[in-house]
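As structure tokens, the structure follows; a few thoughts come after it.
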Amino acid sequence: MRWWRAVGLLSGTSMDGIDVVAADLRLDGETIELRPLGEGTLDYPADLREELLSALPPGDLDAEAFCRLDTLVGQSFADAARLGVHLADGEADFVASLGQTLYHWVEGGHALGTLQIGQPAWIAEATGLPVIADFRARDVAAEGHGAPLAGVLDALWLADDGAQGKPGPGAQVALNIGGIANITVVGGREPLAYDTGPGNALIDLAAQQRTGRAQDTDGALAASGSVRHDLLATLLDDGYYRLPAPKSTGKEHFNSSYLDRVLAGLRDPIGDGDLLATLTELTARTIADACRAEDASRVVVAGGGVHNPVLLAALRRHLDVPVLVSDDLGMPADSKEALLTALLGFLTWSGLPGNTPGTTGAAGPRVLGSITPGATGLRLPEPATTPPRRLIMRSAATN
């Protein structure tokens, strides 16, 4: 079977920039082999990031501003795609883009719509390559949440017990801590994935409001403070945590208005360190509660949160099972979501479903995304007939 070369692009809920990977993928029987070739990050221009953050609820966004953002983000993704092609040694078969989520419409525990911006035509024009984008919408149309799509990668990657060194019986939990934290449960009673609640979203927001810095680097502010248990109790009382899975959330819920409203209810003012310590504890507690509810035997962490030692220490304190970083098992924590994007593109390219219905809640498997042709038209391979059951990471030197 031949290798296909993909460029994967996405920007997460932190909205700080675009993660880029180049990777080779192929399907050999029931096994997908994934060979990372390189990774990088392209920061958003400061003014564009400010516009994106201002567009989030409770901000207003008119048609003109929406058109501007969709275009400017698309052009930034085009620049990132050029970097991806460079990482691919100048040759790629397609680009996969998860875009920038601007809004995720959820009411009554049901996802009704989702909006990712970053017009793929700019990427196709810049690279001459076909672009696969807008992956979430089809899953939502099929009554799913459109998130977290990481379930398809995690279920395949952690499926092979021997290759991944699974520690005995029980469920494994793959955890991603981005702006929103999400888990995938592998080997449990049923396929399951969902957003547990805020990951870095409220932590980053508080750091920006109190210090002008985009994040609490190394958890330094949180380490300087103590948990305010009255605030923590109010935060934990949010109804989202009691919703059954599958479920999804985002900054349309956990945003500045939310934080301002909660802080306004405090009887005594709260210092910077105590606020960051409490929000970090909230993230750790809600993740740990979800992992315990799924009878996790091991938790494997990826995403920006792995760089916050205070958060990881709190998570380990609340869990009595091993908590590993995905790099320990051969999956780069910083680029895992971009590799997920490349995988989603490869599945669509191969005519295979890119959702795991048990994790998103969709009515059934669906081939995801829309394809924008490249400079030479569109020639897709023959659709694969065997659904994959496992994913194996290969080194760049592997033939």
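Residue numbering restarts at 1 for every chain of the structure tokens, chains are lettered A, B, ... in their displayed order, and ligands are numbered from 1 as they appear.
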task: Per DSSP on the backbone, filter stretch 186-239 of chain A down to the residues in helix (DSSP H, G or I) and report them as a PyMOL selection string.
output: chain A and resi 201-211+217-224+229-236+239
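Counting only C-alpha atoms, A:Ala171 has the following residues at most 7 Å away, ignoring those fewer than 3 positions along the same chain: A:Val185, A:Val186, A:Gly187, A:Gly188, A:Asp295, A:Ala296, A:Ser297.
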message: Which residues are close to stretch 26-40 of chain A, i.e. within 8 Å by only C-alpha atoms, leaving aside same-chain residues fewer than 4 positions away? Reply as a list in words.
response: Met1, Arg2, Trp3, Trp4, Asp19, Val20, Val21, Ala22, Leu83, Gly84, Leu87, Ala88, Ser335, Leu339, Thr386, Pro387, Pro388, Arg389, Arg390, Leu391, Ile392, Met393, Arg394, Ser395, Ala396 and Thr398 of chain A
message: Please return, as a PyMOL selection string, all residues of stretch 112-308 of chain A that DSSP assigns to strand (DSSP E) on the basis of the backbone.
response: chain A and resi 112-117+131-133+171-177+180-186+192-198+296-302
Given the selection you just returned, output its residues as a file containing N, CA and C atoms, formatted as a JSON list (two decimals), in the first residue's frame.
[["chain", "number", "residue", "atom", "x", "y", "z"],
["A", 112, "LEU", "N", -26.49, 21.79, 18.14],
["A", 112, "LEU", "CA", -27.37, 22.20, 17.05],
["A", 112, "LEU", "C", -26.61, 22.78, 15.87],
["A", 113, "GLY", "N", -25.37, 23.16, 16.07],
["A", 113, "GLY", "CA", -24.56, 23.73, 14.99],
["A", 113, "GLY", "C", -23.16, 23.98, 15.49],
["A", 114, "THR", "N", -22.25, 24.18, 14.57],
["A", 114, "THR", "CA", -20.87, 24.47, 14.93],
["A", 114, "THR", "C", -20.26, 25.31, 13.82],
["A", 115, "LEU", "N", -19.36, 26.23, 14.19],
["A", 115, "LEU", "CA", -18.81, 27.16, 13.21],
["A", 115, "LEU", "C", -17.30, 27.20, 13.32],
["A", 116, "GLN", "N", -16.63, 26.74, 12.25],
["A", 116, "GLN", "CA", -15.18, 26.88, 12.14],
["A", 116, "GLN", "C", -14.87, 27.80, 10.96],
["A", 117, "ILE", "N", -14.02, 28.78, 11.20],
["A", 117, "ILE", "CA", -13.67, 29.72, 10.15],
["A", 117, "ILE", "C", -12.23, 29.48, 9.69],
["A", 131, "VAL", "N", -7.79, 20.66, -0.37],
["A", 131, "VAL", "CA", -7.92, 20.96, 1.06],
["A", 131, "VAL", "C", -9.18, 20.31, 1.59],
["A", 132, "ILE", "N", -9.03, 19.51, 2.63],
["A", 132, "ILE", "CA", -10.17, 18.89, 3.30],
["A", 132, "ILE", "C", -10.41, 19.67, 4.58],
["A", 133, "ALA", "N", -11.62, 20.20, 4.75],
["A", 133, "ALA", "CA", -11.92, 21.08, 5.88],
["A", 133, "ALA", "C", -13.36, 20.86, 6.35],
["A", 171, "ALA", "N", -10.04, 0.48, 31.72],
["A", 171, "ALA", "CA", -10.09, 1.48, 30.66],
["A", 171, "ALA", "C", -8.88, 2.38, 30.70],
["A", 172, "GLN", "N", -8.41, 2.74, 29.52],
["A", 172, "GLN", "CA", -7.41, 3.80, 29.41],
["A", 172, "GLN", "C", -8.12, 5.09, 29.03],
["A", 173, "VAL", "N", -7.64, 6.19, 29.55],
["A", 173, "VAL", "CA", -8.21, 7.49, 29.21],
["A", 173, "VAL", "C", -7.14, 8.32, 28.52],
["A", 174, "ALA", "N", -7.42, 8.75, 27.29],
["A", 174, "ALA", "CA", -6.58, 9.71, 26.60],
["A", 174, "ALA", "C", -7.15, 11.10, 26.89],
["A", 175, "LEU", "N", -6.35, 11.96, 27.46],
["A", 175, "LEU", "CA", -6.78, 13.28, 27.90],
["A", 175, "LEU", "C", -6.06, 14.34, 27.10],
["A", 176, "ASN", "N", -6.83, 15.29, 26.56],
["A", 176, "ASN", "CA", -6.24, 16.46, 25.93],
["A", 176, "ASN", "C", -6.62, 17.69, 26.73],
["A", 177, "ILE", "N", -5.62, 18.46, 27.15],
["A", 177, "ILE", "CA", -5.88, 19.69, 27.89],
["A", 177, "ILE", "C", -5.49, 20.86, 27.00],
["A", 180, "ILE", "N", -10.29, 23.83, 26.21],
["A", 180, "ILE", "CA", -11.26, 22.92, 26.80],
["A", 180, "ILE", "C", -10.58, 21.56, 26.95],
["A", 181, "ALA", "N", -10.86, 20.86, 28.04],
["A", 181, "ALA", "CA", -10.29, 19.53, 28.26],
["A", 181, "ALA", "C", -11.27, 18.48, 27.76],
["A", 182, "ASN", "N", -10.74, 17.44, 27.11],
["A", 182, "ASN", "CA", -11.60, 16.34, 26.67],
["A", 182, "ASN", "C", -10.91, 15.01, 26.90],
["A", 183, "ILE", "N", -11.72, 13.98, 27.06],
["A", 183, "ILE", "CA", -11.18, 12.64, 27.28],
["A", 183, "ILE", "C", -11.78, 11.66, 26.26],
["A", 184, "THR", "N", -11.00, 10.63, 25.95],
["A", 184, "THR", "CA", -11.47, 9.47, 25.21],
["A", 184, "THR", "C", -11.24, 8.25, 26.08],
["A", 185, "VAL", "N", -12.27, 7.43, 26.22],
["A", 185, "VAL", "CA", -12.18, 6.22, 27.04],
["A", 185, "VAL", "C", -12.01, 5.03, 26.10],
["A", 186, "VAL", "N", -10.91, 4.31, 26.26],
["A", 186, "VAL", "CA", -10.60, 3.18, 25.40],
["A", 186, "VAL", "C", -10.56, 1.92, 26.26],
["A", 192, "LEU", "N", -16.39, 5.98, 24.19],
["A", 192, "LEU", "CA", -16.87, 7.19, 24.84],
["A", 192, "LEU", "C", -15.83, 8.29, 24.73],
["A", 193, "ALA", "N", -16.28, 9.50, 24.43],
["A", 193, "ALA", "CA", -15.41, 10.68, 24.47],
["A", 193, "ALA", "C", -16.28, 11.89, 24.73],
["A", 194, "TYR", "N", -15.75, 12.84, 25.48],
["A", 194, "TYR", "CA", -16.52, 14.05, 25.75],
["A", 194, "TYR", "C", -15.62, 15.12, 26.35],
["A", 195, "ASP", "N", -16.12, 16.35, 26.30],
["A", 195, "ASP", "CA", -15.44, 17.47, 26.95],
["A", 195, "ASP", "C", -15.75, 17.42, 28.43],
["A", 196, "THR", "N", -14.71, 17.47, 29.27],
["A", 196, "THR", "CA", -14.93, 17.45, 30.71],
["A", 196, "THR", "C", -15.24, 18.84, 31.26],
["A", 197, "GLY", "N", -14.85, 19.88, 30.53],
["A", 197, "GLY", "CA", -15.04, 21.25, 30.99],
["A", 197, "GLY", "C", -13.84, 22.09, 30.61],
["A", 198, "PRO", "N", -13.60, 23.19, 31.31],
["A", 198, "PRO", "CA", -12.47, 24.04, 30.95],
["A", 198, "PRO", "C", -11.14, 23.35, 31.21],
["A", 296, "ALA", "N", -10.80, 4.61, 35.02],
["A", 296, "ALA", "CA", -9.53, 4.67, 34.30],
["A", 296, "ALA", "C", -8.45, 3.87, 35.02],
["A", 297, "SER", "N", -7.72, 3.07, 34.25],
["A", 297, "SER", "CA", -6.55, 2.37, 34.80],
["A", 297, "SER", "C", -5.26, 3.12, 34.49],
["A", 298, "ARG", "N", -5.33, 4.05, 33.54],
["A", 298, "ARG", "CA", -4.18, 4.88, 33.18],
["A", 298, "ARG", "C", -4.71, 6.09, 32.42],
["A", 299, "VAL", "N", -4.06, 7.23, 32.64],
["A", 299, "VAL", "CA", -4.44, 8.46, 31.95],
["A", 299, "VAL", "C", -3.23, 8.95, 31.17],
["A", 300, "VAL", "N", -3.43, 9.20, 29.88],
["A", 300, "VAL", "CA", -2.34, 9.63, 28.99],
["A", 300, "VAL", "C", -2.69, 11.03, 28.50],
["A", 301, "VAL", "N", -1.83, 12.01, 28.84],
["A", 301, "VAL", "CA", -2.15, 13.42, 28.67],
["A", 301, "VAL", "C", -1.40, 14.02, 27.48],
["A", 302, "ALA", "N", -2.09, 14.87, 26.71],
["A", 302, "ALA", "CA", -1.49, 15.66, 25.64],
["A", 302, "ALA", "C", -2.09, 17.05, 25.69]]
- prompt: Any idea what's packed within 8 Å of A:Asp43, counting only C-alpha atoms, ignoring anything in its chain fewer than 3 positions away? Could you give it as a VMD selection string?
  reply: chain A and resid 16 to 18
field: Spatial neighbours of stretch 378-380 of chain A, max dist 10 Å, only C-alpha atoms, sep filter under 5 positions, as number ranges by chain
entry: A: 129-130, 348-351, 371-373
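Of the residues under consideration (A:Ala124, A:Val306, A:Val321, A:Ala65), A:Val306 shows the shortest atom-to-atom contact distance to A:Asp334 when counting only C-alpha atoms.
The shell of residues at most 12 Å from A:Pro45, with only C-alpha atoms counted and near chain neighbours (fewer than 3 positions) removed, consists of Met15, Asp16, Gly17, Ile18, Leu42, Leu48, Arg49, Glu50, Glu51, Leu52, Leu72, Val73, Gln75, Ser76, Phe77 and Asp79 of chain A.
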Close residues, A:Leu263 itself excluded, 12 Å, only C-alpha atoms, min 2 positions apart in chain, as JSON, numbers by chain: {"A": [206, 228, 230, 231, 232, 234, 235, 256, 257, 258, 259, 260, 261, 265, 266, 267, 268, 269, 270, 271, 275, 278, 279]}
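Our summary of the geometry notes that atom CA of A:Val367 is positioned 10.0 Å from atom CA of A:Gly345.
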- line: Pairwise distance, atom CA of A:Val262 with atom CA of A:Leu236, equals 11.0 Å
A:Ala293, A:Ala375, A:Leu312, A:Ala55 ranked by distance to A:Arg189, top pick (using only C-alpha atoms): A:Ala293
- prompt: Which residue out of A:Tyr241, A:Phe346, A:Phe66, A:Trp157 has the minimum interatomic distance to A:Gly330 when only C-alpha atoms are used?
  reply: A:Trp157
field: Among listed residues A:Ala147, A:Leu56, A:Leu153, A:Ala63, nearest A:Ala342 (using only C-alpha atoms)
entry: A:Leu153
